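A.B. asks: input.cif is reproduced below (mmCIF, C-alpha atoms).
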```cif
data_model
loop_
_atom_site.label_atom_id
_atom_site.label_comp_id
_atom_site.auth_asym_id
_atom_site.auth_seq_id
_atom_site.Cartn_x
_atom_site.Cartn_y
_atom_site.Cartn_z
CA GLU A 1 143.10 168.43 68.67
CA VAL A 2 140.84 165.40 68.98
CA GLN A 3 139.01 164.63 65.78
CA LEU A 4 136.67 161.89 64.68
CA GLN A 5 135.48 161.52 61.13
CA ALA A 6 132.85 159.06 60.01
CA SER A 7 132.64 157.98 56.39
CA GLY A 8 131.29 155.21 54.20
CA GLY A 9 127.62 156.06 54.16
CA GLY A 10 125.51 155.90 51.05
CA LEU A 11 122.37 154.60 49.41
CA VAL A 12 121.75 150.86 49.52
CA GLN A 13 118.79 148.59 48.90
CA ALA A 14 117.14 146.72 51.72
CA GLY A 15 119.06 143.56 52.46
CA GLY A 16 122.32 145.12 51.36
CA SER A 17 125.48 145.95 53.26
CA LEU A 18 127.65 148.96 54.02
CA ARG A 19 130.79 149.44 56.04
CA LEU A 20 131.19 152.66 57.94
CA SER A 21 134.60 153.89 59.03
CA CYS A 22 135.55 156.21 61.87
CA ALA A 23 138.99 157.79 61.69
CA ALA A 24 140.30 159.07 64.99
CA SER A 25 143.16 161.50 65.47
CA GLY A 26 144.61 163.69 68.17
CA PHE A 27 144.48 161.13 70.95
CA THR A 28 146.02 157.81 71.81
CA PHE A 29 143.68 155.11 70.67
CA ASN A 30 143.90 153.04 73.83
CA ASP A 31 141.46 152.72 76.67
CA TYR A 32 138.57 154.46 74.99
CA SER A 33 134.98 153.54 74.44
CA ILE A 34 134.34 154.20 70.76
CA ASN A 35 130.64 154.34 69.99
CA TRP A 36 128.36 154.57 67.01
CA PHE A 37 125.09 156.46 67.21
CA ARG A 38 122.45 157.26 64.63
CA GLN A 39 119.69 159.79 64.24
CA ALA A 40 116.82 159.48 61.83
CA PRO A 41 114.77 162.51 60.75
CA GLY A 42 112.31 163.48 63.43
CA LYS A 43 113.67 160.94 65.89
CA GLU A 44 115.96 161.09 68.87
CA ARG A 45 119.55 159.99 68.63
CA GLU A 46 119.91 156.25 69.19
CA GLU A 47 122.81 154.20 70.50
CA VAL A 48 123.96 151.60 68.00
CA SER A 49 127.17 149.93 69.10
CA CYS A 50 130.37 150.36 71.05
CA ILE A 51 133.82 148.85 71.36
CA SER A 52 136.55 149.18 73.96
CA SER A 53 139.74 150.06 72.13
CA GLY A 54 141.77 148.31 74.82
CA ASP A 55 140.18 144.90 75.42
CA GLY A 56 137.90 144.75 72.40
CA HIS A 57 134.69 144.38 74.38
CA THR A 58 131.65 145.14 72.20
CA ASP A 59 127.99 145.83 72.70
CA TYR A 60 125.05 146.37 70.39
CA ALA A 61 121.58 147.78 70.50
CA ASP A 62 118.93 145.08 70.21
CA SER A 63 117.74 146.62 66.94
CA VAL A 64 121.07 145.86 65.21
CA LYS A 65 122.29 142.79 67.08
CA GLY A 66 123.18 140.00 64.68
CA ARG A 67 123.27 142.36 61.70
CA PHE A 68 125.96 144.90 62.58
CA THR A 69 129.54 144.20 63.61
CA ILE A 70 131.88 146.74 65.17
CA SER A 71 135.65 146.34 64.98
CA THR A 72 138.77 148.37 65.47
CA ASP A 73 142.23 148.67 63.98
CA ILE A 74 144.21 150.30 66.74
CA ALA A 75 147.35 150.67 64.64
CA LYS A 76 145.39 152.78 62.17
CA ASN A 77 143.21 154.54 64.76
CA MET A 78 140.16 153.30 62.92
CA VAL A 79 136.82 151.87 64.02
CA TYR A 80 134.51 150.15 61.59
CA LEU A 81 130.82 149.33 61.60
CA GLN A 82 129.94 146.55 59.19
CA MET A 83 126.22 146.72 58.53
CA SER A 84 124.44 143.82 56.87
CA SER A 85 120.84 142.88 56.17
CA LEU A 86 120.03 146.57 56.14
CA ARG A 87 116.44 147.67 56.57
CA PRO A 88 114.70 150.92 55.67
CA GLU A 89 114.45 151.69 59.38
CA ASP A 90 118.27 151.77 59.53
CA THR A 91 118.15 154.98 57.49
CA ALA A 92 119.80 157.71 59.54
CA VAL A 93 122.85 159.88 59.95
CA TYR A 94 125.47 157.77 61.70
CA TYR A 95 127.99 159.33 64.08
CA CYS A 96 131.04 158.00 65.84
CA ALA A 97 132.01 159.28 69.25
CA ALA A 98 134.55 158.53 71.96
CA VAL A 99 135.12 158.82 75.68
CA PRO A 100 138.22 157.80 77.66
CA LEU A 101 137.75 154.90 80.05
CA ARG A 102 138.64 155.93 83.60
CA TYR A 103 138.71 154.56 87.15
CA GLY A 104 139.85 151.11 86.07
CA ILE A 105 136.89 150.55 83.77
CA THR A 106 137.96 148.65 80.66
CA TRP A 107 134.66 147.93 78.91
CA CYS A 108 132.57 150.06 76.62
CA SER A 109 128.97 150.97 77.18
CA LEU A 110 126.24 152.18 74.90
CA TYR A 111 125.27 154.65 77.60
CA TYR A 112 128.44 156.50 78.58
CA ASP A 113 128.43 160.25 78.05
CA MET A 114 130.66 160.83 75.04
CA GLU A 115 133.32 163.51 75.12
CA TYR A 116 134.28 163.63 71.47
CA TRP A 117 131.99 163.55 68.45
CA GLY A 118 132.58 163.37 64.76
CA LYS A 119 130.47 164.62 61.92
CA GLY A 120 128.01 162.08 60.68
CA THR A 121 127.63 160.10 57.51
CA GLN A 122 124.25 159.53 55.87
CA VAL A 123 122.98 155.99 55.40
CA THR A 124 119.85 155.57 53.30
CA VAL A 125 118.23 152.16 52.85
CA SER A 126 115.61 151.92 50.14
CA SER A 127 112.80 149.40 50.25
#
```
Will you turn the file into structure tokens for me?
C.D. replies:
Amino acid sequence: EVQLQASGGGLVQAGGSLRLSCAASGFTFNDYSINWFRQAPGKEREEVSCISSGDGHTDYADSVKGRFTISTDIAKNMVYLQMSSLRPEDTAVYYCAAVPLRYGITWCSLYYDMEYWGKGTQVTVSS
């Protein structure tokens, strides 16, 4: 059974940092696009970042570029989202998700349709 579990959320002051973790199980952690999304109250879900578990390609939403860093530890089946210079508008529930890369595609995209989703972790940034 494919499972993804996000953790590491919490309450932090503006300007602070948090590191989110996504633990993946039930599938081989190669050739996947592993993505982070977030959803704030009353807002639509927003793409945040992605990483290709095979070649390490990454991408970021403009709103987090330069502040967030995504990384992966394939041996541990883990993906991390290091969030720095946090702002109140980063407050949201953060989710990790995954989709296998097919048809020779090796790079991630913020806009692929995800096949697997984990439960979210709440991040609250106080002003």
A.B. asks: Just checking: using all atoms listed in the file, which residue out of A:Ala61, A:Ala40, A:Ala98, A:Leu86 ends up closest to Ser25 (chain A)?
C.D. replies: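 Distance minimum relative to Ser25 (chain A) lands on A:Ala98.
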A.B. asks: For region 72-74 of chain A, find every residue with an atom within 10 Å (counting only C-alpha atoms), except residues of its own chain fewer than 3 positions away, and show them as a list in words.
C.D. replies: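 The filter keeps Ser21, Cys22, Ala23, Ala24, Thr28, Phe29, Asn30, Ile34, Ile51, Ser52, Ser53, Gly54, Gly56, Asn77, Met78, Val79, Tyr80 and Leu81 of chain A.
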A.B. asks: Restricting the calculation to all atoms listed in the file: of A:Asn35, A:Ala6, A:Asp55, A:Thr124, which residue gets closest to Arg87 (chain A)?
C.D. replies: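 Checking each candidate against Arg87 (chain A), we get A:Thr124 as the closest.
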A.B. asks: Can you pull out every residue within 9 Å of Gly10 (chain A), counting only C-alpha atoms, but drop anything in the same chain fewer than 3 positions away, and send it as a CSV table (one decimal) with C-alpha atoms, in the coordinates of the input?
C.D. replies:
```
chain,number,residue,atom,x,y,z
A,18,LEU,CA,127.6,149.0,54.0
A,121,THR,CA,127.6,160.1,57.5
A,122,GLN,CA,124.2,159.5,55.9
A,123,VAL,CA,123.0,156.0,55.4
A,124,THR,CA,119.8,155.6,53.3
A,125,VAL,CA,118.2,152.2,52.8
```
A.B. asks: My list of candidates is A:Gln39, A:Gly9, A:Gln82, A:Gly104. Which is closest to Lys65 (chain A) when distances are computed with all atoms listed in the file?
C.D. replies: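 Smallest distance to Lys65 (chain A) is found for A:Gln82.
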A.B. asks: Expand the PyMOL selection byres ((chain A and resi 67) around 9) into the individual residues it matches in the shown file, reporting them as number ranges by chain.
C.D. replies: A: 63-66, 68-69, 82-86
A.B. asks: Determine, counting all atoms listed in the file, which protein, DNA and RNA residues have an atom within 7 Å of an atom of Val99 (chain A); residues of the same chain fewer than 2 positions away are not included. Present the result as a list of chain:residue names.
C.D. replies: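 In the requested format, the answer is A:Tyr32, A:Ser33, A:Ile34, A:Leu101, A:Met114, A:Glu115, A:Tyr116.
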A.B. asks: Okay, now the selection with C-alpha atoms, as a PDB file, in the frame of the given file?
C.D. replies:
```pdb
ATOM      1  CA  TYR A  32     138.570 154.460  74.990  1.00  0.00           C
ATOM      2  CA  SER A  33     134.980 153.540  74.440  1.00  0.00           C
ATOM      3  CA  ILE A  34     134.340 154.200  70.760  1.00  0.00           C
ATOM      4  CA  LEU A 101     137.750 154.900  80.050  1.00  0.00           C
ATOM      5  CA  MET A 114     130.660 160.830  75.040  1.00  0.00           C
ATOM      6  CA  GLU A 115     133.320 163.510  75.120  1.00  0.00           C
ATOM      7  CA  TYR A 116     134.280 163.630  71.470  1.00  0.00           C
TER       8      TYR A 116
END
```
A.B. asks: Using all atoms listed in the file, pick whichever of A:Asp113, A:Lys76, A:Pro88, A:Asp59 has the shortest atom-to-atom distance to Gly16 (chain A).
C.D. replies: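 Closest to Gly16 (chain A) of all the choices is A:Pro88.
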A.B. asks: Between A:Glu89, A:Pro41, A:Ser109, A:Cys96, single out the one closest to Gln13 (chain A), counting all atoms listed in the file.
C.D. replies: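 That would be A:Glu89, the residue with the smallest distance to Gln13 (chain A).
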A.B. asks: So how many Å separate CA of Cys108 (chain A) and CA of Gly26 (chain A), to one decimal?
C.D. replies: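 Between CA of Cys108 (chain A) and CA of Gly26 (chain A) the gap is 20.1 Å.
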A.B. asks: Using only C-alpha atoms, find the one residue out of A:Val12, A:Leu4, A:His57, A:Gly120 that sits nearest to Arg38 (chain A).
C.D. replies: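 Using only C-alpha atoms, the shortest distance to Arg38 (chain A) belongs to A:Gly120.
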A.B. asks: One number please: CA of Tyr60 (chain A) to CA of Tyr111 (chain A), in Å, one decimal.
C.D. replies: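 Answer for the CA of Tyr60 (chain A) to CA of Tyr111 (chain A) separation: 11.0 Å.
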A.B. asks: CA of Lys119 (chain A) and CA of Glu1 (chain A), how far apart in Å?
C.D. replies: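 Computing the Euclidean distance for CA of Glu1 (chain A) and CA of Lys119 (chain A) yields 14.8 Å.
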A.B. asks: Will you give me region 52-99 of chain A, written with N, CA and C atoms and laid out as a compact mmCIF listing (two decimals), in the first residue's frame?
C.D. replies:
```
# COMPACT_ATOMS: atom_id res chain seq x y z
N SER A 52 12.30 15.58 -8.58
CA SER A 52 12.32 14.29 -9.25
C SER A 52 13.23 13.37 -8.43
N SER A 53 12.67 12.26 -7.96
CA SER A 53 13.45 11.39 -7.10
C SER A 53 14.60 10.73 -7.84
N GLY A 54 14.54 10.70 -9.17
CA GLY A 54 15.60 10.10 -9.95
C GLY A 54 16.76 11.04 -10.22
N ASP A 55 16.51 12.16 -10.90
CA ASP A 55 17.61 13.05 -11.28
C ASP A 55 17.73 14.28 -10.41
N GLY A 56 16.86 14.42 -9.42
CA GLY A 56 17.00 15.52 -8.48
C GLY A 56 16.56 16.88 -9.00
N HIS A 57 15.93 16.91 -10.17
CA HIS A 57 15.41 18.17 -10.68
C HIS A 57 14.40 18.76 -9.70
N THR A 58 14.44 20.07 -9.50
CA THR A 58 13.52 20.73 -8.58
C THR A 58 12.83 21.90 -9.25
N ASP A 59 11.70 22.28 -8.69
CA ASP A 59 11.00 23.47 -9.15
C ASP A 59 10.25 24.06 -7.97
N TYR A 60 10.00 25.37 -8.05
CA TYR A 60 9.36 26.07 -6.94
C TYR A 60 8.34 27.06 -7.47
N ALA A 61 7.29 27.25 -6.69
CA ALA A 61 6.38 28.35 -6.99
C ALA A 61 7.09 29.67 -6.76
N ASP A 62 6.72 30.68 -7.52
CA ASP A 62 7.37 31.98 -7.37
C ASP A 62 7.25 32.52 -5.94
N SER A 63 6.16 32.19 -5.28
CA SER A 63 5.90 32.73 -3.94
C SER A 63 6.88 32.20 -2.89
N VAL A 64 7.56 31.08 -3.19
CA VAL A 64 8.47 30.50 -2.20
C VAL A 64 9.91 30.42 -2.71
N LYS A 65 10.12 30.78 -3.96
CA LYS A 65 11.45 30.68 -4.55
C LYS A 65 12.43 31.52 -3.76
N GLY A 66 13.58 30.94 -3.45
CA GLY A 66 14.60 31.64 -2.68
C GLY A 66 14.44 31.50 -1.17
N ARG A 67 13.28 31.00 -0.74
CA ARG A 67 13.04 30.83 0.70
C ARG A 67 12.89 29.37 1.09
N PHE A 68 12.37 28.56 0.20
CA PHE A 68 12.13 27.15 0.47
C PHE A 68 13.11 26.32 -0.35
N THR A 69 13.53 25.19 0.24
CA THR A 69 14.41 24.26 -0.46
C THR A 69 13.89 22.84 -0.29
N ILE A 70 13.69 22.16 -1.40
CA ILE A 70 13.23 20.78 -1.37
C ILE A 70 14.42 19.86 -1.58
N SER A 71 14.42 18.73 -0.89
CA SER A 71 15.51 17.76 -1.04
C SER A 71 14.96 16.37 -0.79
N THR A 72 15.75 15.38 -1.14
CA THR A 72 15.30 14.02 -0.96
C THR A 72 16.43 13.14 -0.44
N ASP A 73 16.07 12.15 0.34
CA ASP A 73 17.00 11.11 0.77
C ASP A 73 16.40 9.79 0.28
N ILE A 74 16.86 9.37 -0.89
CA ILE A 74 16.24 8.21 -1.51
C ILE A 74 16.41 6.97 -0.66
N ALA A 75 17.56 6.83 -0.02
CA ALA A 75 17.82 5.64 0.80
C ALA A 75 16.80 5.52 1.92
N LYS A 76 16.32 6.66 2.40
CA LYS A 76 15.36 6.65 3.50
C LYS A 76 13.93 6.84 3.02
N ASN A 77 13.74 7.00 1.72
CA ASN A 77 12.41 7.28 1.17
C ASN A 77 11.80 8.52 1.83
N MET A 78 12.61 9.55 1.93
CA MET A 78 12.16 10.78 2.57
C MET A 78 12.34 11.96 1.63
N VAL A 79 11.41 12.90 1.71
CA VAL A 79 11.53 14.18 1.03
C VAL A 79 11.36 15.26 2.08
N TYR A 80 12.16 16.30 1.96
CA TYR A 80 12.14 17.38 2.94
C TYR A 80 11.82 18.71 2.27
N LEU A 81 11.20 19.57 3.02
CA LEU A 81 10.97 20.94 2.56
C LEU A 81 11.49 21.87 3.65
N GLN A 82 12.64 22.46 3.42
CA GLN A 82 13.21 23.42 4.34
C GLN A 82 12.62 24.78 4.03
N MET A 83 11.94 25.35 5.00
CA MET A 83 11.26 26.63 4.81
C MET A 83 11.93 27.68 5.68
N SER A 84 12.38 28.74 5.06
CA SER A 84 13.05 29.82 5.78
C SER A 84 12.37 31.14 5.46
N SER A 85 12.71 32.14 6.26
CA SER A 85 12.11 33.48 6.08
C SER A 85 10.60 33.38 5.95
N LEU A 86 10.02 32.62 6.84
CA LEU A 86 8.58 32.37 6.77
C LEU A 86 7.78 33.64 6.99
N ARG A 87 6.65 33.70 6.29
CA ARG A 87 5.76 34.85 6.34
C ARG A 87 4.38 34.39 6.80
N PRO A 88 3.59 35.28 7.35
CA PRO A 88 2.23 34.88 7.75
C PRO A 88 1.44 34.27 6.59
N GLU A 89 1.68 34.73 5.38
CA GLU A 89 0.95 34.18 4.24
C GLU A 89 1.38 32.76 3.88
N ASP A 90 2.41 32.23 4.52
CA ASP A 90 2.79 30.83 4.33
C ASP A 90 1.96 29.90 5.21
N THR A 91 1.14 30.47 6.08
CA THR A 91 0.28 29.67 6.94
C THR A 91 -0.68 28.83 6.11
N ALA A 92 -0.65 27.53 6.33
CA ALA A 92 -1.48 26.61 5.54
C ALA A 92 -1.26 25.20 6.06
N VAL A 93 -2.10 24.29 5.58
CA VAL A 93 -1.83 22.87 5.73
C VAL A 93 -0.98 22.44 4.54
N TYR A 94 0.13 21.82 4.81
CA TYR A 94 1.06 21.39 3.77
C TYR A 94 0.93 19.88 3.55
N TYR A 95 0.85 19.51 2.28
CA TYR A 95 0.69 18.11 1.88
C TYR A 95 1.84 17.69 0.97
N CYS A 96 2.24 16.44 1.09
CA CYS A 96 3.13 15.89 0.08
C CYS A 96 2.34 14.89 -0.78
N ALA A 97 2.75 14.78 -2.00
CA ALA A 97 2.07 13.92 -2.96
C ALA A 97 3.09 13.38 -3.95
N ALA A 98 2.69 12.35 -4.69
CA ALA A 98 3.63 11.72 -5.61
C ALA A 98 2.92 11.18 -6.84
N VAL A 99 3.66 11.15 -7.94
CA VAL A 99 3.17 10.54 -9.17
C VAL A 99 4.37 9.92 -9.87
```
